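J.: This is the content of structure03.txt (compact mmCIF, C-alpha atoms):
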# COMPACT_ATOMS: atom_id res chain seq x y z
CA LEU A 49 -42.48 -23.11 6.13
CA LEU A 50 -39.24 -24.35 7.69
CA THR A 51 -37.67 -24.71 4.24
CA ASP A 52 -38.76 -21.17 3.36
CA ALA A 53 -37.36 -19.86 6.66
CA PHE A 54 -34.04 -21.64 6.07
CA LEU A 55 -33.64 -20.19 2.59
CA ILE A 56 -34.53 -16.64 3.68
CA TYR A 57 -32.30 -16.71 6.76
CA GLY A 58 -29.48 -18.34 4.76
CA ALA A 59 -29.74 -15.65 2.08
CA HIS A 60 -29.60 -12.94 4.76
CA LEU A 61 -26.48 -14.46 6.34
CA LEU A 62 -24.83 -14.83 2.95
CA ALA A 63 -25.60 -11.46 1.36
CA GLY A 64 -27.32 -9.34 3.99
CA ARG A 65 -30.96 -8.41 4.51
CA ILE A 66 -30.62 -5.18 2.51
CA ASN A 67 -29.17 -4.53 -0.93
CA PRO A 68 -27.11 -1.39 -0.15
CA GLN A 69 -27.55 0.06 -3.61
CA THR A 70 -31.29 0.40 -3.01
CA ILE A 71 -30.58 2.95 -0.25
CA ASP A 72 -27.20 4.41 -1.25
CA ALA A 73 -26.04 4.92 -4.85
CA GLU A 74 -22.45 5.37 -3.57
CA TRP A 75 -22.29 1.87 -2.09
CA PHE A 76 -21.36 -1.07 -4.30
CA ALA A 77 -21.51 -4.45 -2.51
CA ASN A 78 -19.67 -7.64 -3.46
CA ILE A 79 -22.46 -10.11 -2.82
CA ARG A 80 -21.36 -13.62 -1.87
CA GLU A 81 -23.22 -16.43 -3.62
CA THR A 82 -23.79 -20.15 -3.08
CA ASP A 83 -26.39 -22.81 -3.87
CA LEU A 84 -28.66 -22.55 -0.82
CA ALA A 85 -30.73 -25.58 -1.90
CA GLU A 86 -27.58 -27.69 -1.85
CA VAL A 87 -26.60 -26.24 1.55
CA LEU A 88 -30.06 -27.20 2.88
CA GLU A 89 -29.86 -30.68 1.42
CA ASN A 90 -26.45 -31.28 3.04
CA ALA A 91 -27.68 -29.87 6.36
CA CYS A 92 -30.65 -32.25 6.34
CA ARG A 93 -28.47 -35.20 5.38
CA ASN A 94 -25.98 -34.43 8.15
CA LYS A 95 -28.71 -33.41 10.63
CA ASP A 96 -26.72 -30.28 11.43
CA MET A 97 -28.45 -26.97 10.71
CA ALA A 98 -26.24 -24.94 13.06
CA SER A 99 -23.04 -25.77 11.15
CA ALA A 100 -24.74 -24.94 7.86
CA PHE A 101 -25.63 -21.46 9.12
CA GLU A 102 -22.11 -20.96 10.50
CA ARG A 103 -20.65 -21.67 7.05
CA LEU A 104 -22.95 -19.08 5.46
CA MET A 105 -21.71 -16.28 7.71
CA PRO A 106 -18.79 -14.04 6.68
CA PRO A 107 -15.60 -16.05 7.35
CA GLN A 108 -13.53 -13.10 8.63
CA GLU A 109 -12.68 -12.91 12.32
CA GLY A 110 -13.89 -9.32 12.45
CA TYR A 111 -17.48 -10.50 11.94
CA SER A 112 -17.39 -13.10 14.72
CA LYS A 113 -15.74 -10.62 17.12
CA LEU A 114 -18.43 -8.04 16.45
CA LYS A 115 -21.12 -10.69 16.87
CA SER A 116 -19.71 -11.51 20.33
CA THR A 117 -19.77 -7.79 21.15
CA LEU A 118 -23.45 -7.67 20.21
CA ARG A 119 -24.16 -10.34 22.83
CA GLU A 120 -22.22 -8.32 25.45
CA TYR A 121 -24.11 -5.11 24.73
CA ARG A 122 -27.48 -6.88 24.71
CA LEU A 123 -26.56 -8.24 28.15
CA ILE A 124 -25.79 -4.70 29.35
CA ALA A 125 -29.18 -3.58 27.96
CA SER A 126 -30.98 -6.46 29.72
CA THR A 127 -29.67 -5.25 33.07
CA GLY A 128 -30.86 -1.70 32.49
CA GLY A 129 -28.04 -0.20 30.40
CA TRP A 130 -26.21 2.81 31.74
CA THR A 131 -27.54 5.93 33.38
CA PRO A 132 -26.94 9.25 31.55
CA ILE A 133 -24.40 11.50 33.24
CA PRO A 134 -26.33 14.61 34.34
CA GLY A 135 -25.21 18.19 34.70
CA ALA A 136 -22.92 20.56 32.79
CA ALA A 137 -21.23 19.69 29.52
CA ALA A 138 -17.72 19.28 30.92
CA ILE A 139 -16.25 17.90 34.15
CA SER A 140 -13.06 19.33 35.62
CA THR A 141 -10.34 17.24 37.23
CA ASP A 142 -10.93 18.88 40.60
CA GLU A 143 -14.63 17.94 40.68
CA SER A 144 -15.84 15.35 43.18
CA GLY A 145 -19.15 13.85 44.19
CA LYS A 146 -21.92 11.81 42.59
CA ARG A 147 -21.09 12.66 38.97
CA ILE A 148 -17.61 11.23 39.37
CA LEU A 149 -19.11 8.05 40.88
CA ASP A 150 -21.63 7.87 37.99
CA ILE A 151 -18.84 8.16 35.43
CA LYS A 152 -16.82 5.43 37.12
CA GLU A 153 -19.82 3.07 37.01
CA ARG A 154 -20.42 4.00 33.35
CA LEU A 155 -16.81 3.20 32.39
CA LYS A 156 -16.86 -0.09 34.30
CA LEU A 157 -19.82 -1.31 32.20
CA THR A 158 -17.79 -0.99 29.00
CA LYS A 159 -14.54 -2.21 30.63
CA ASP A 160 -12.74 1.10 30.25
CA LEU A 161 -12.30 1.03 34.02
CA SER A 162 -11.63 -2.16 35.97
CA GLU A 163 -14.36 -3.55 38.22
CA ASP A 164 -12.16 -3.21 41.30
CA ALA A 165 -11.38 0.48 40.66
CA SER A 166 -11.74 2.78 43.62
CA ARG A 167 -15.26 3.94 44.49
CA SER A 168 -13.87 7.21 45.75
CA PRO A 169 -15.88 10.27 44.58
CA TYR A 170 -12.67 12.01 43.46
CA PHE A 171 -11.08 12.36 40.01
CA SER A 172 -8.18 9.87 40.13
CA LYS A 173 -5.32 8.81 37.85
CA ALA A 174 -7.15 5.53 37.22
CA LEU A 175 -10.22 7.48 36.10
CA GLU A 176 -8.11 9.62 33.77
CA ASP A 177 -6.66 6.44 32.20
CA GLY A 178 -10.17 5.02 31.81
CA ILE A 179 -11.34 8.20 30.08
CA ARG A 180 -8.38 7.98 27.71
CA LYS A 181 -9.33 4.40 26.79
CA PHE A 182 -12.91 5.49 26.21
CA GLN A 183 -11.84 8.43 24.05
CA MET A 184 -9.52 6.23 21.99
CA ARG A 185 -12.30 3.70 21.36
CA HIS A 186 -14.63 6.46 20.19
CA GLY A 187 -12.23 8.33 17.90
CA LEU A 188 -12.12 11.38 20.16
CA GLU A 189 -9.16 13.54 21.03
CA VAL A 190 -7.36 11.56 23.74
CA THR A 191 -6.91 14.02 26.61
CA GLY A 192 -8.11 12.20 29.74
CA ILE A 193 -10.42 15.16 30.32
CA ILE A 194 -14.22 14.82 30.23
CA ASP A 195 -15.15 17.48 27.71
CA GLY A 196 -18.50 17.96 26.00
CA GLU A 197 -17.79 15.49 23.18
CA THR A 198 -16.67 12.78 25.60
CA LEU A 199 -19.72 13.28 27.79
CA SER A 200 -22.02 13.13 24.74
CA ALA A 201 -20.42 9.85 23.64
CA MET A 202 -20.85 8.40 27.14
CA ASN A 203 -24.51 9.37 27.12
CA VAL A 204 -25.38 7.59 23.86
CA PRO A 205 -27.93 4.98 25.06
CA VAL A 206 -26.88 1.33 24.95
CA GLN A 207 -29.77 0.58 22.59
CA GLU A 208 -28.32 3.01 20.03
CA ARG A 209 -24.94 1.28 20.32
CA ILE A 210 -26.67 -2.08 19.75
CA LEU A 211 -28.26 -0.72 16.56
CA GLN A 212 -24.84 0.56 15.48
CA ILE A 213 -23.34 -2.92 15.98
CA GLU A 214 -26.20 -4.55 14.05
CA VAL A 215 -25.76 -2.11 11.15
CA ASN A 216 -22.07 -2.90 10.87
CA LEU A 217 -22.66 -6.66 11.09
CA GLU A 218 -24.93 -6.24 8.08
CA ARG A 219 -22.09 -4.48 6.23
CA TRP A 220 -19.77 -7.42 6.83
CA ARG A 221 -22.23 -9.56 4.83
CA TRP A 222 -21.72 -7.31 1.82
CA LEU A 223 -17.99 -8.05 1.56
CA PRO A 224 -16.32 -10.59 -0.76
CA GLN A 225 -15.75 -14.09 0.63
CA ASN A 226 -12.01 -13.57 0.29
CA LEU A 227 -10.51 -10.11 0.89
CA GLY A 228 -7.16 -11.19 -0.58
CA PHE A 229 -3.94 -12.47 1.02
CA LYS A 230 -2.54 -8.95 0.67
CA HIS A 231 -5.08 -6.16 0.74
CA LEU A 232 -5.71 -2.58 1.75
CA ILE A 233 -8.69 -1.56 3.87
CA VAL A 234 -9.70 2.09 4.05
CA ASN A 235 -12.23 2.69 6.80
CA ILE A 236 -13.79 5.95 5.67
CA ALA A 237 -15.54 6.60 8.99
CA ASN A 238 -12.27 6.07 10.91
CA PHE A 239 -10.08 8.10 8.50
CA GLU A 240 -7.51 5.26 8.39
CA LEU A 241 -5.92 2.81 5.97
CA ASP A 242 -4.65 -0.62 7.03
CA ILE A 243 -2.20 -2.71 5.02
CA VAL A 244 -3.20 -6.32 5.72
CA GLU A 245 -1.17 -9.41 4.91
CA ASP A 246 -2.28 -12.93 5.88
CA ASP A 247 -5.02 -11.40 8.09
CA GLN A 248 -2.44 -9.36 10.05
CA ILE A 249 -2.22 -5.56 9.93
CA VAL A 250 1.36 -4.73 8.92
CA ASN A 251 0.99 -0.94 8.67
CA THR A 252 -1.59 1.72 9.43
CA MET A 253 -1.78 5.28 8.20
CA ARG A 254 -4.14 8.21 8.47
CA VAL A 255 -6.22 9.24 5.49
CA ILE A 256 -8.33 12.19 4.43
CA VAL A 257 -11.70 11.32 2.89
CA GLY A 258 -14.47 13.16 1.07
CA LYS A 259 -16.44 16.06 2.48
CA THR A 260 -20.05 15.40 3.42
CA TYR A 261 -21.21 16.85 0.07
CA ARG A 262 -18.53 14.93 -1.93
CA ARG A 263 -18.67 11.62 -0.14
CA THR A 264 -16.13 8.86 -0.73
CA PRO A 265 -17.99 5.83 -2.16
CA VAL A 266 -17.81 2.26 -0.83
CA PHE A 267 -16.57 -0.53 -3.12
CA SER A 268 -13.80 -3.09 -3.67
CA ASP A 269 -11.38 -3.23 -6.59
CA LYS A 270 -7.79 -4.10 -7.51
CA MET A 271 -4.86 -1.69 -7.54
CA THR A 272 -2.95 -2.36 -10.77
CA TYR A 273 -0.54 0.58 -11.18
CA LEU A 274 0.64 3.82 -9.68
CA VAL A 275 1.76 7.13 -11.17
CA MET A 276 4.83 9.04 -10.00
CA ASN A 277 4.74 12.84 -10.40
CA PRO A 278 1.17 12.84 -11.71
CA TYR A 279 -0.53 15.61 -13.59
CA TRP A 280 -3.80 16.57 -11.99
CA HIS A 281 -6.57 16.70 -14.56
CA VAL A 282 -9.00 18.78 -12.56
CA PRO A 283 -12.50 17.22 -12.55
CA ASP A 284 -15.02 19.46 -14.25
CA ASN A 285 -17.20 19.97 -11.16
CA ILE A 286 -14.18 21.01 -9.06
CA ALA A 287 -12.97 23.35 -11.81
CA ARG A 288 -16.36 25.05 -12.02
CA GLN A 289 -17.32 25.16 -8.36
CA ASP A 290 -13.99 25.51 -6.54
CA ILE A 291 -11.31 26.85 -8.87
CA LEU A 292 -13.25 29.22 -11.14
CA PRO A 293 -14.12 31.56 -8.20
CA MET A 294 -10.42 31.63 -7.23
CA ILE A 295 -9.40 32.57 -10.79
CA LYS A 296 -12.02 35.33 -10.97
CA LYS A 297 -10.74 36.68 -7.66
CA ASP A 298 -7.06 36.53 -8.65
CA GLN A 299 -6.05 35.81 -12.26
CA SER A 300 -2.52 34.90 -11.18
CA TYR A 301 -4.02 31.88 -9.38
CA LEU A 302 -3.40 29.53 -12.33
CA THR A 303 0.25 30.58 -12.66
CA ASN A 304 0.86 30.36 -8.92
CA LYS A 305 -0.59 26.84 -8.83
CA SER A 306 1.26 25.69 -12.00
CA MET A 307 -2.05 25.11 -13.78
CA ARG A 308 -2.66 25.17 -17.51
CA ILE A 309 -5.93 25.74 -19.32
CA PHE A 310 -7.07 23.90 -22.48
CA ASP A 311 -9.95 24.60 -24.82
CA SER A 312 -11.55 21.14 -24.50
CA TRP A 313 -11.24 17.65 -23.02
CA GLY A 314 -10.33 16.08 -26.35
CA ALA A 315 -6.96 14.55 -27.26
CA ASP A 316 -6.36 17.45 -29.69
CA ALA A 317 -7.13 20.14 -27.08
CA ARG A 318 -5.16 23.37 -27.48
CA GLU A 319 -3.57 25.22 -24.58
CA ILE A 320 -4.93 28.73 -23.99
CA GLU A 321 -3.22 31.67 -22.36
CA ALA A 322 -5.32 32.53 -19.31
CA GLY A 323 -4.74 36.24 -19.87
CA THR A 324 -6.50 36.13 -23.24
CA LEU A 325 -9.85 35.17 -21.66
CA ASN A 326 -12.42 37.62 -20.34
CA TRP A 327 -12.99 35.99 -16.96
CA SER A 328 -15.72 38.43 -15.98
CA GLU A 329 -17.98 36.80 -18.61
CA ILE A 330 -17.15 33.20 -17.63
CA ASN A 331 -19.38 31.45 -15.08
CA THR A 332 -20.22 27.91 -13.94
CA ARG A 333 -22.73 27.52 -16.80
CA ASN A 334 -20.51 28.49 -19.73
CA PHE A 335 -17.15 27.23 -18.37
CA ARG A 336 -16.06 24.73 -21.06
CA PHE A 337 -12.34 24.45 -20.40
CA ARG A 338 -10.08 21.74 -19.03
CA LEU A 339 -7.59 22.56 -16.26
CA ARG A 340 -4.40 20.57 -15.73
CA GLN A 341 -1.90 21.02 -12.93
CA ASP A 342 1.75 20.21 -13.64
CA PRO A 343 3.80 17.89 -11.40
CA GLY A 344 5.54 19.71 -8.55
CA PRO A 345 5.28 20.73 -4.91
CA GLU A 346 1.91 22.48 -5.38
CA ASN A 347 0.26 19.56 -7.17
CA ALA A 348 -2.97 18.56 -5.40
CA LEU A 349 -2.13 14.86 -5.86
CA GLY A 350 1.31 15.27 -4.31
CA ARG A 351 4.08 13.12 -5.75
CA ILE A 352 2.20 9.87 -6.37
CA LYS A 353 -1.22 8.38 -6.96
CA PHE A 354 -2.32 4.75 -6.61
CA MET A 355 -4.75 3.55 -9.25
CA PHE A 356 -7.49 0.92 -9.04
CA PRO A 357 -9.64 1.95 -12.05
CA ASN A 358 -13.30 2.20 -11.06
CA GLN A 359 -16.59 3.77 -12.09
CA PHE A 360 -16.28 6.46 -9.40
CA ASN A 361 -12.87 7.74 -10.60
CA VAL A 362 -11.59 7.46 -7.02
CA TYR A 363 -7.99 6.67 -6.10
CA LEU A 364 -5.42 7.05 -3.31
CA HIS A 365 -2.89 9.86 -3.53
CA ASP A 366 -0.29 11.94 -1.75
CA THR A 367 -1.03 15.56 -0.78
CA PRO A 368 0.96 18.75 -0.10
CA SER A 369 -1.47 19.61 2.74
CA ARG A 370 0.28 17.50 5.39
CA GLU A 371 -1.06 19.54 8.31
CA LEU A 372 -4.57 18.13 7.81
CA PHE A 373 -3.45 14.70 9.02
CA LEU A 374 -3.14 16.16 12.53
CA LYS A 375 -6.90 16.75 12.66
CA THR A 376 -9.08 14.22 14.50
CA ASN A 377 -11.87 14.35 11.89
CA ARG A 378 -10.40 14.29 8.39
CA ASP A 379 -13.21 14.74 5.85
CA PHE A 380 -11.68 17.43 3.64
CA SER A 381 -11.24 15.90 0.17
CA SER A 382 -13.40 15.93 -2.95
CA GLY A 383 -13.99 12.17 -2.82
CA CYS A 384 -10.55 10.68 -3.42
CA ILE A 385 -8.43 9.49 -0.50
CA ARG A 386 -5.28 11.35 0.57
CA ILE A 387 -2.80 9.17 2.44
CA GLU A 388 -0.34 10.01 5.19
CA LYS A 389 2.52 7.67 4.17
CA PRO A 390 2.61 7.49 0.35
CA VAL A 391 6.26 6.42 0.13
CA GLU A 392 5.75 3.55 2.57
CA LEU A 393 2.71 2.36 0.63
CA ALA A 394 4.62 2.60 -2.66
CA GLU A 395 7.48 0.59 -1.17
CA TYR A 396 5.03 -2.09 -0.08
CA VAL A 397 3.16 -2.53 -3.38
CA LEU A 398 6.38 -2.30 -5.49
CA LYS A 399 8.56 -4.48 -3.27
CA GLU A 400 8.34 -7.47 -5.64
CA ALA A 401 9.45 -5.21 -8.52
CA GLY A 402 12.67 -4.27 -6.70
CA TRP A 403 11.70 -0.72 -5.77
CA ASN A 404 12.91 0.78 -2.49
CA LYS A 405 12.66 4.18 -0.85
CA HIS A 406 15.79 5.50 -2.62
CA LYS A 407 14.53 4.49 -6.07
CA ILE A 408 11.16 6.09 -5.36
CA GLU A 409 12.76 9.36 -4.22
CA VAL A 410 14.96 9.44 -7.35
CA ALA A 411 11.82 9.08 -9.49
CA PHE A 412 10.20 11.97 -7.61
CA LYS A 413 13.15 14.27 -8.28
CA ARG A 414 12.77 13.87 -12.04
CA GLN A 415 9.35 15.57 -11.85
CA VAL A 416 8.30 13.67 -14.97
CA GLU A 417 5.05 11.71 -14.95
CA GLN A 418 5.79 7.98 -14.86
CA ALA A 419 3.30 5.09 -14.68
CA VAL A 420 4.54 1.96 -12.89
CA LYS A 421 2.64 -1.32 -13.21
CA LEU A 422 2.39 -3.42 -10.06
CA PRO A 423 3.89 -6.91 -10.40
CA THR A 424 0.86 -8.27 -8.51
CA ALA A 425 -2.50 -6.54 -8.27
CA VAL A 426 -3.48 -5.59 -4.71
CA ASP A 427 -7.07 -5.81 -3.47
CA VAL A 428 -8.43 -2.50 -2.19
CA HIS A 429 -11.56 -2.28 -0.03
CA LEU A 430 -13.07 1.13 0.68
CA LEU A 431 -15.38 0.47 3.63
CA TYR A 432 -17.56 2.43 6.00
CA TRP A 433 -17.41 0.91 9.48
CA THR A 434 -18.71 2.98 12.37
CA CYS A 435 -18.23 0.04 14.72
CA TRP A 436 -15.62 -2.75 14.80
CA VAL A 437 -13.45 -4.77 17.19
CA ASP A 438 -9.72 -4.02 17.03
CA ASN A 439 -6.74 -6.36 17.41
CA ASP A 440 -6.79 -5.84 21.18
CA GLY A 441 -10.38 -7.03 21.39
CA LYS A 442 -11.73 -3.52 22.08
CA VAL A 443 -14.94 -2.41 20.42
CA ASN A 444 -14.60 0.93 18.61
CA PHE A 445 -17.36 3.37 17.67
CA ARG A 446 -17.18 6.31 15.25
CA ARG A 447 -19.42 9.16 14.16
CA ASP A 448 -21.73 8.51 11.23
CA ILE A 449 -20.14 11.29 9.17
CA TYR A 450 -22.22 10.60 6.04
CA GLN A 451 -25.48 9.58 7.77
CA ARG A 452 -25.17 6.12 6.22
CA ASP A 453 -25.97 4.36 9.52
CA LYS A 454 -29.25 6.24 9.68
CA LEU A 455 -30.33 5.06 6.22
CA LEU A 456 -29.45 1.45 6.91
CA THR A 457 -31.05 1.42 10.36
CA GLU A 458 -34.31 2.65 8.84
CA ALA A 459 -34.13 -0.01 6.11
CA LEU A 460 -33.44 -2.82 8.60
CA GLN A 461 -36.33 -1.73 10.79
CA GLU A 462 -38.87 -1.69 7.97
CA GLU A 463 -41.40 -4.49 8.23
CA PRO A 464 -40.95 -7.03 5.38
CA PRO A 465 -43.83 -7.09 2.85
CA GLY A 466 -46.54 -9.71 3.18
CA LEU A 467 -46.66 -9.88 7.00
CA HIS A 468 -50.13 -8.30 7.38
Once you've parsed the file, please lay out its structure as structure tokens.
T.:
Amino acid sequence: LLTDAFLIYGAHLLAGRINPQTIDAEWFANIRETDLAEVLENACRNKDMASAFERLMPPQEGYSKLKSTLREYRLIASTGGWTPIPGAAAISTDESGKRILDIKERLKLTKDLSEDASRSPYFSKALEDGIRKFQMRHGLEVTGIIDGETLSAMNVPVQERILQIEVNLERWRWLPQNLGFKHLIVNIANFELDIVEDDQIVNTMRVIVGKTYRRTPVFSDKMTYLVMNPYWHVPDNIARQDILPMIKKDQSYLTNKSMRIFDSWGADAREIEAGTLNWSEINTRNFRFRLRQDPGPENALGRIKFMFPNQFNVYLHDTPSRELFLKTNRDFSSGCIRIEKPVELAEYVLKEAGWNKHKIEVAFKRQVEQAVKLPTAVDVHLLYWTCWVDNDGKVNFRRDIYQRDKLLTEALQEEPPGLH
């Protein structure tokens, strides 16, 4: 029985309790593998089970930090958790009384407010700073004002936060053993991309991810090339569902967007003049054409796309819609990932090939599609973390925009077969 328990627990530490693809077709895990029988044999020989289990856990510091956070939140739960803040949805800065005292105690529990902060029932500068810290950790608009969203986040029970931490610890076990000396991490739930080198974040940029009905998948792959001034070959579902209604509404749409229409997806496809088609008779069922957008300022992919060929046909790319990066929640794309600083990313991945900002800008001005192979492939990890510990040791929580936490929580809470 002990041997069986060791092997099951070891397998869970190594690859997780749940195979994500059994609950989410858009999640592809990189399962770590080892010979558990050999690990057990060595543990018995050395009389050291604890070290054996430690070596089976994900080696990244992010996992151990989150594990420590789990202990902290379980301790908060054991002492009764925090009391929900009662009353109206928002709290003004001129309010005083018990609610202000309740909020101060709530923020002290999660270290957003220092333990020795004033117990005065008035809204103070220290309280405003504590609210800002809380809002930053929860991906909210940082205002220092207790609005409805902030109050709702404060009132999430500690037990729900514990489940959120446990769910994200499980996701760490689905990652490769080695993320790569140089790698990119896109946290879909946080709408951000980190450039990581030797386990240190060297640059961070905002991203725009897929809408809830065109969700960005989770997987790891290698970026091998990029394309300057790309054509956009409009995916068939986007052409039918999004662009066809625009064309039917205004037949100058294709010309205004520098789009061309072809009679098929084959290599010998012929270009068709849009004006020769009877658009009133064309619908989503009989639309059989291919749309292609020329390089230029209106191109949906912007001036550059970063390619890591994968089964989902997902990549990183520039965008002409720069204003969307100012939004707090940035789930506006059709599945691919739009990036805030495409030139900086291009400089980074092409540095070994002698490219700099000037050379990149010159290439853009040509407005001719150009593929550039990377001298060294770069690991790319598209992840979905709704909870993690940042470089400052602060635990962060985010909304479950795709309801992936819910699915995994339910799977983790299912009773294993054979226990009756």
J.: List the spatial neighbours of Val420 in chain A as a ChimeraX atom specification - criterion: any atom at most 7 Å away, only C-alpha atoms, same-chain residues fewer than 6 positions off excluded.
T.: /A:273-275
J.: Would you export the selected residues with C-alpha atoms as a compact mmCIF listing (two decimals), in the frame of the given file, please?
T.:
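What ended up in out_21.txt:
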# COMPACT_ATOMS: atom_id res chain seq x y z
CA TYR A 273 -0.54 0.58 -11.18
CA LEU A 274 0.64 3.82 -9.68
CA VAL A 275 1.76 7.13 -11.17
J.: Please determine, counting only C-alpha atoms, which residue among A:Glu120, A:Asn203, A:Ile352, A:Lys305 has the shortest atom-to-atom distance to Leu393 in chain A.
T.: A:Ile352
J.: Suppose you want the space between CA of Pro345 in chain A and CA of Leu364 in chain A; what is it in Å?
T.: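 The value is 17.4 Å.
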J.: Mind pulling up the distance from CA of Lys115 in chain A to CA of Glu153 in chain A?
T.: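 Result for CA of Glu153 in chain A versus CA of Lys115 in chain A: 24.4 Å, one decimal.
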J.: Just want the 8 Å neighbourhood of Lys405 in chain A, counted on all atoms listed in the file, with same-chain residues fewer than 6 positions away dropped. Output as a CSV table (one decimal) with C-alpha atoms, in the frame of the given file.
T.:
chain,number,residue,atom,x,y,z
A,391,VAL,CA,6.3,6.4,0.1
A,392,GLU,CA,5.8,3.6,2.6
A,395,GLU,CA,7.5,0.6,-1.2
J.: Which is closest to Asn444 in chain A among A:Arg185, A:Lys297, A:Arg308, A:Lys159, if we use all atoms listed in the file?
T.: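 Comparing A:Arg185, A:Lys297, A:Arg308, A:Lys159 against Asn444 in chain A, the winner is A:Arg185.
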J.: In terms of the shortest atom-to-atom distance over all atoms listed in the file, which of A:Lys421, A:Lys259, A:Arg370, A:Lys407 is closest to Ile449 in chain A?
T.: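 Smallest separation from Ile449 in chain A among the options: A:Lys259.
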J.: Hey, which of A:Ser112, A:Thr51, A:Asn358, A:Ser382 ends up closest to Ser268 in chain A? Count only C-alpha atoms.
T.: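 The closest residue to Ser268 in chain A is A:Asn358.
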J.: Around the point (-19.2, 12.1, 26.1) in the file's coordinates, collect all residues with an atom within 12 Å, using all atoms listed in the file, and return them as JSON, numbers by chain.
T.: {"A": [132, 133, 134, 136, 137, 138, 139, 151, 154, 155, 179, 180, 182, 183, 185, 186, 187, 188, 189, 192, 193, 194, 195, 196, 197, 198, 199, 200, 201, 202, 203, 204, 205]}
J.: Which residue out of A:Asp438, A:Asp316, A:Pro357, A:Pro343 has the minimum interatomic distance to Lys413 in chain A when only C-alpha atoms are used?
T.: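 Residue with the minimum atom-to-atom distance to Lys413 in chain A: A:Pro343.
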J.: Would you compute the distance between CA of His231 in chain A and CA of Lys442 in chain A? Give it in Å to one decimal.
T.: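 Between CA of His231 in chain A and CA of Lys442 in chain A the gap is 22.5 Å.
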J.: Anything within 10 Å of (-33.5, -22.7, -3.8): list those residues as a PyMOL selection string, counting all atoms listed in the file and sticking to the file's coordinates.
T.: chain A and resi 51-52+54-56+59+83-88
J.: Would you mind listing what lies within 9 Å of Asp269 in chain A as a PDB file with C-alpha atoms, in the frame of the given file, with all atoms listed in the file counted and same-chain residues fewer than 6 positions away left out?
T.:
ATOM      1  CA  PHE A 356      -7.490   0.920  -9.040  1.00  0.00           C
ATOM      2  CA  PRO A 357      -9.640   1.950 -12.050  1.00  0.00           C
ATOM      3  CA  ASN A 358     -13.300   2.200 -11.060  1.00  0.00           C
ATOM      4  CA  VAL A 426      -3.480  -5.590  -4.710  1.00  0.00           C
ATOM      5  CA  ASP A 427      -7.070  -5.810  -3.470  1.00  0.00           C
ATOM      6  CA  VAL A 428      -8.430  -2.500  -2.190  1.00  0.00           C
ATOM      7  CA  HIS A 429     -11.560  -2.280  -0.030  1.00  0.00           C
ATOM      8  CA  LEU A 430     -13.070   1.130   0.680  1.00  0.00           C
TER       9      LEU A 430
END
J.: Give me the residues near Leu325 in chain A as a ChimeraX atom specification, where near means some atom within 12 Å (using only C-alpha atoms) and where sequence neighbours in that chain fewer than 6 positions away do not count.
T.: /A:295-296,299,309-311,335,337
J.: I'd like to know which of A:Gly350, A:Gly323, A:Gly128, A:Gly64 is closest to Glu218 in chain A, using all atoms listed in the file.
T.: A:Gly64
J.: Got a sec: who's within 6 Å of range 65-76 of chain A, counting all atoms listed in the file, leaving out chain neighbours fewer than 5 positions off, as number ranges by chain?
T.: A: 60, 265-267
J.: Report as AutoDock Vina command-line options the centre and the edge lengths, in Å to one decimal, of the axis-aligned box holding every listed atom of range 337-341 of chain A, padded by 5 Å on each side.
T.:
--center_x -7.1 --center_y 22.5 --center_z -16.7 --size_x 20.4 --size_y 13.9 --size_z 17.5
J.: Some atoms are absent from range 181-187 of chain A, so rebuild N, CA, C and O atoms and return them as a compact mmCIF listing (two decimals), in the frame of the given file.
T.:
# COMPACT_ATOMS: atom_id res chain seq x y z
N LYS A 181 -8.95 5.62 27.52
CA LYS A 181 -9.33 4.40 26.79
C LYS A 181 -10.67 4.62 26.09
O LYS A 181 -10.85 4.23 24.93
N PHE A 182 -11.60 5.23 26.80
CA PHE A 182 -12.91 5.49 26.21
C PHE A 182 -12.79 6.41 25.00
O PHE A 182 -13.38 6.17 23.94
N GLN A 183 -12.01 7.47 25.15
CA GLN A 183 -11.84 8.43 24.05
C GLN A 183 -11.18 7.77 22.84
O GLN A 183 -11.58 8.02 21.69
N MET A 184 -10.20 6.91 23.09
CA MET A 184 -9.52 6.23 21.99
C MET A 184 -10.49 5.32 21.25
O MET A 184 -10.50 5.27 20.00
N ARG A 185 -11.35 4.62 21.99
CA ARG A 185 -12.30 3.70 21.36
C ARG A 185 -13.37 4.44 20.55
O ARG A 185 -14.00 3.85 19.68
N HIS A 186 -13.57 5.70 20.87
CA HIS A 186 -14.63 6.46 20.19
C HIS A 186 -14.09 7.50 19.21
O HIS A 186 -14.85 8.35 18.72
N GLY A 187 -12.80 7.42 18.90
CA GLY A 187 -12.23 8.33 17.90
C GLY A 187 -12.22 9.77 18.32
O GLY A 187 -12.26 10.67 17.48
